[in-house]
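Asks: Take this structure first; my questions come after.
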Amino acid sequence: DGGGAAGGGAAASSSAPYHRHVGVQLQHSLGQHLLKNPLVTAAMIEKASIKSTDVVLEIGPGTGNLTLKLLEAAKKVVAVEHDGRMVVELQKRLHGTAEGRRLQLIHADVMKVELPFFNLCVANIPYQISSPLVFKLLAHPQRFRCALLMVQREFAQRLCAKPGDELYCRLSVNTQLLAKVDHLMKVSKNSFRPPPKVDSSVVRIEPRNPPPPVDFVEWDGLVRLCFNRKNKTLGAVFRQKPLLQLLA
């Protein structure tokens, strides 16, 4: 049972709906869904191609099933967990073990913490922070090899969409500018406890090395303009008076 929990950045109220798992209440406001299917965990480990010298970043380790498998393969695991109760569970589970000495557990909101060095990221991430987290990873000053992320199916489709696809959007353009993105596998919502409302997918994101020589803030501003009015041609977008004045 149980695997990596997606643990987000939102504060949870005590009255929020919850599910119990190993004595821990799972809070919807944190986007917590524990991966309970060991076959999915095993497939993620295999597709990550972990080397014995790797430092692996895990986000939202939950009760630690994915964490334990990562520790079997990697030199070290850095796990960032926002929920203090999950931190306590994981510390109890690994207390006094050899694996526990190779785990660096950071109790923090991943969006607010400075990420340490890592070669590889493997994580089941909450929907609320999927997009900002992808760009936080891609902005990491030390180039990592790749990230294997479990995300909601539609988010994965948007990440991987090509020009002309219905779901092609600002997210697709910006991610693919900075990285090579591949859809690896579909994961049923029944692989989680409690089951989320939608199915998930695992994607691989490999940062382009070296990164493109582009000012990302300026580029994103341009892309935002292009996608603000999706049913207009680019010519019509760039002929608007306010935009012409801005570019003058």
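Naming scheme: A, B, ... for chains in displayed order of the structure tokens; residues 1 onward per chain; ligands 1 onward as shown.
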Using DSSP on the backbone, list every residue of stretch 34-140 of chain A that comes out as helix (DSSP H, G or I), and give them as a VMD selection string.

Replies: chain A and resid 38 to 48 65 to 73 84 to 94 99 to 102 127 to 138

Asks: I need the strand (DSSP E) residues of stretch 15-228 of chain A per DSSP on the backbone, written as an NGL selection string.

Replies: :A and (18-21 or 24-27 or 34-35 or 55-59 or 76-81 or 103-107 or 120-124 or 146-152 or 179-187 or 192-193 or 200-207)

Asks: Would you pick out the contacts of A:Ile50 at 10 Å or less, using only C-alpha atoms, so that residues sharing its chain but fewer than 5 positions from it are not included, and give the list as a ChimeraX atom specification?

Replies: /A:45,55-56,70,72-75,119-120,122

Asks: Write the residues of the preceding selection, restricted to N, CA, C and O atoms, as a PDB file, in the first residue's frame.

Replies:
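Result file is selection11.pdb:
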ATOM      1  N   ILE A  45      10.523   3.829 -11.263  1.00  0.00           N
ATOM      2  CA  ILE A  45      11.930   3.597 -10.909  1.00  0.00           C
ATOM      3  C   ILE A  45      12.706   3.114 -12.142  1.00  0.00           C
ATOM      4  O   ILE A  45      13.803   3.592 -12.432  1.00  0.00           O
ATOM      5  N   VAL A  55      22.032  11.810  -6.951  1.00  0.00           N
ATOM      6  CA  VAL A  55      21.278  12.457  -5.879  1.00  0.00           C
ATOM      7  C   VAL A  55      19.896  12.746  -6.459  1.00  0.00           C
ATOM      8  O   VAL A  55      19.768  13.479  -7.441  1.00  0.00           O
ATOM      9  N   VAL A  56      18.863  12.123  -5.885  1.00  0.00           N
ATOM     10  CA  VAL A  56      17.506  12.230  -6.431  1.00  0.00           C
ATOM     11  C   VAL A  56      16.654  13.153  -5.568  1.00  0.00           C
ATOM     12  O   VAL A  56      16.620  13.017  -4.341  1.00  0.00           O
ATOM     13  N   LEU A  70      13.623   4.565  -4.255  1.00  0.00           N
ATOM     14  CA  LEU A  70      14.658   5.490  -4.735  1.00  0.00           C
ATOM     15  C   LEU A  70      15.958   5.295  -3.957  1.00  0.00           C
ATOM     16  O   LEU A  70      17.045   5.294  -4.531  1.00  0.00           O
ATOM     17  N   GLU A  72      17.030   2.601  -2.612  1.00  0.00           N
ATOM     18  CA  GLU A  72      17.667   1.340  -3.016  1.00  0.00           C
ATOM     19  C   GLU A  72      18.588   1.551  -4.220  1.00  0.00           C
ATOM     20  O   GLU A  72      19.587   0.857  -4.378  1.00  0.00           O
ATOM     21  N   ALA A  73      18.217   2.528  -5.089  1.00  0.00           N
ATOM     22  CA  ALA A  73      18.942   2.697  -6.352  1.00  0.00           C
ATOM     23  C   ALA A  73      19.933   3.853  -6.344  1.00  0.00           C
ATOM     24  O   ALA A  73      20.943   3.811  -7.055  1.00  0.00           O
ATOM     25  N   ALA A  74      19.672   4.891  -5.545  1.00  0.00           N
ATOM     26  CA  ALA A  74      20.460   6.128  -5.624  1.00  0.00           C
ATOM     27  C   ALA A  74      21.481   6.231  -4.502  1.00  0.00           C
ATOM     28  O   ALA A  74      21.408   5.520  -3.495  1.00  0.00           O
ATOM     29  N   LYS A  75      22.422   7.165  -4.664  1.00  0.00           N
ATOM     30  CA  LYS A  75      23.413   7.446  -3.618  1.00  0.00           C
ATOM     31  C   LYS A  75      22.733   8.164  -2.445  1.00  0.00           C
ATOM     32  O   LYS A  75      23.007   7.911  -1.277  1.00  0.00           O
ATOM     33  N   ASN A 119      20.679  15.397  -9.308  1.00  0.00           N
ATOM     34  CA  ASN A 119      20.891  14.966 -10.696  1.00  0.00           C
ATOM     35  C   ASN A 119      19.580  14.668 -11.400  1.00  0.00           C
ATOM     36  O   ASN A 119      19.470  14.754 -12.617  1.00  0.00           O
ATOM     37  N   LEU A 120      18.599  14.263 -10.572  1.00  0.00           N
ATOM     38  CA  LEU A 120      17.383  13.654 -11.112  1.00  0.00           C
ATOM     39  C   LEU A 120      16.232  13.990 -10.175  1.00  0.00           C
ATOM     40  O   LEU A 120      16.432  14.060  -8.966  1.00  0.00           O
ATOM     41  N   VAL A 122      12.294  12.734  -9.219  1.00  0.00           N
ATOM     42  CA  VAL A 122      11.217  11.757  -9.410  1.00  0.00           C
ATOM     43  C   VAL A 122      10.120  12.111  -8.411  1.00  0.00           C
ATOM     44  O   VAL A 122      10.369  12.145  -7.206  1.00  0.00           O
TER      45      VAL A 122
END

Asks: Could you check the closest approach to A:Gln240 for each of A:Leu225, A:Leu133, A:Arg143, A:Pro211 and tell me which residue wins, using only C-alpha atoms?

Replies: A:Leu225

Asks: I'd like the interatomic distance between atom CA of A:Glu114 and atom CA of A:His95, to a tenth of an Å.

Replies: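 Interatomic distance here is 25.7 Å.
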
Asks: Got a sec: who's within 9 Å of A:Gly84, counting only C-alpha atoms, leaving out chain neighbours fewer than 4 positions off, as a ChimeraX atom specification?

Replies: /A:88-89,107-108

Asks: List as JSON, numbers by chain the protein and nucleic acid residues near A:Leu90, meaning an atom at most 8 Å away when only C-alpha atoms are counted, but skip any in the same chain fewer than 6 places from it.

Replies: {"A": [62, 63, 64]}

Asks: So, with only C-alpha atoms as the atoms that count, which of A:Asn209, A:Thr41, A:Thr175, A:Ser200 lies closest to A:Phe144?

Replies: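 Closest candidate: A:Asn209.
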
Asks: Find the spatial neighbours of A:Lys197, counting only C-alpha atoms, within a cut-off of 10 Å - ignore same-chain residues fewer than 6 positions away - and output them as a list in words.

Replies: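 The residues satisfying every condition are Gln152, Lys189 and Asn190 of chain A.
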
Asks: Using C-alpha atoms, can you write the selected residues to a file as a short mmCIF file (atom, residue, chain, number, x, y, z; two decimals), in the first residue's frame?

Replies:
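Saved file selection.cif follows:
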data_model
loop_
_atom_site.label_atom_id
_atom_site.label_comp_id
_atom_site.auth_asym_id
_atom_site.auth_seq_id
_atom_site.Cartn_x
_atom_site.Cartn_y
_atom_site.Cartn_z
CA GLN A 152 -2.79 15.02 -14.13
CA LYS A 189 -6.93 7.21 -10.85
CA ASN A 190 -7.58 3.88 -9.08
#

Asks: If you count only C-alpha atoms, which residues fall within 7 Å of A:Arg204, apart from same-chain ones fewer than 4 positions away, as number ranges by chain?

Replies: A: 146-149, 181-184

Asks: Kindly indicate which residue among A:Asn228, A:Thr97, A:Gln91, A:Ser131 lies nearest to A:Asn174, using only C-alpha atoms for the distances.

Replies: A:Ser131

Asks: Of the candidates A:Leu71, A:Ala179, A:Leu57, A:Met185, which one gets nearest to A:Ile205 if we count only C-alpha atoms?

Replies: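 Looking only at the distances to A:Ile205, the closest residue turns out to be A:Ala179.
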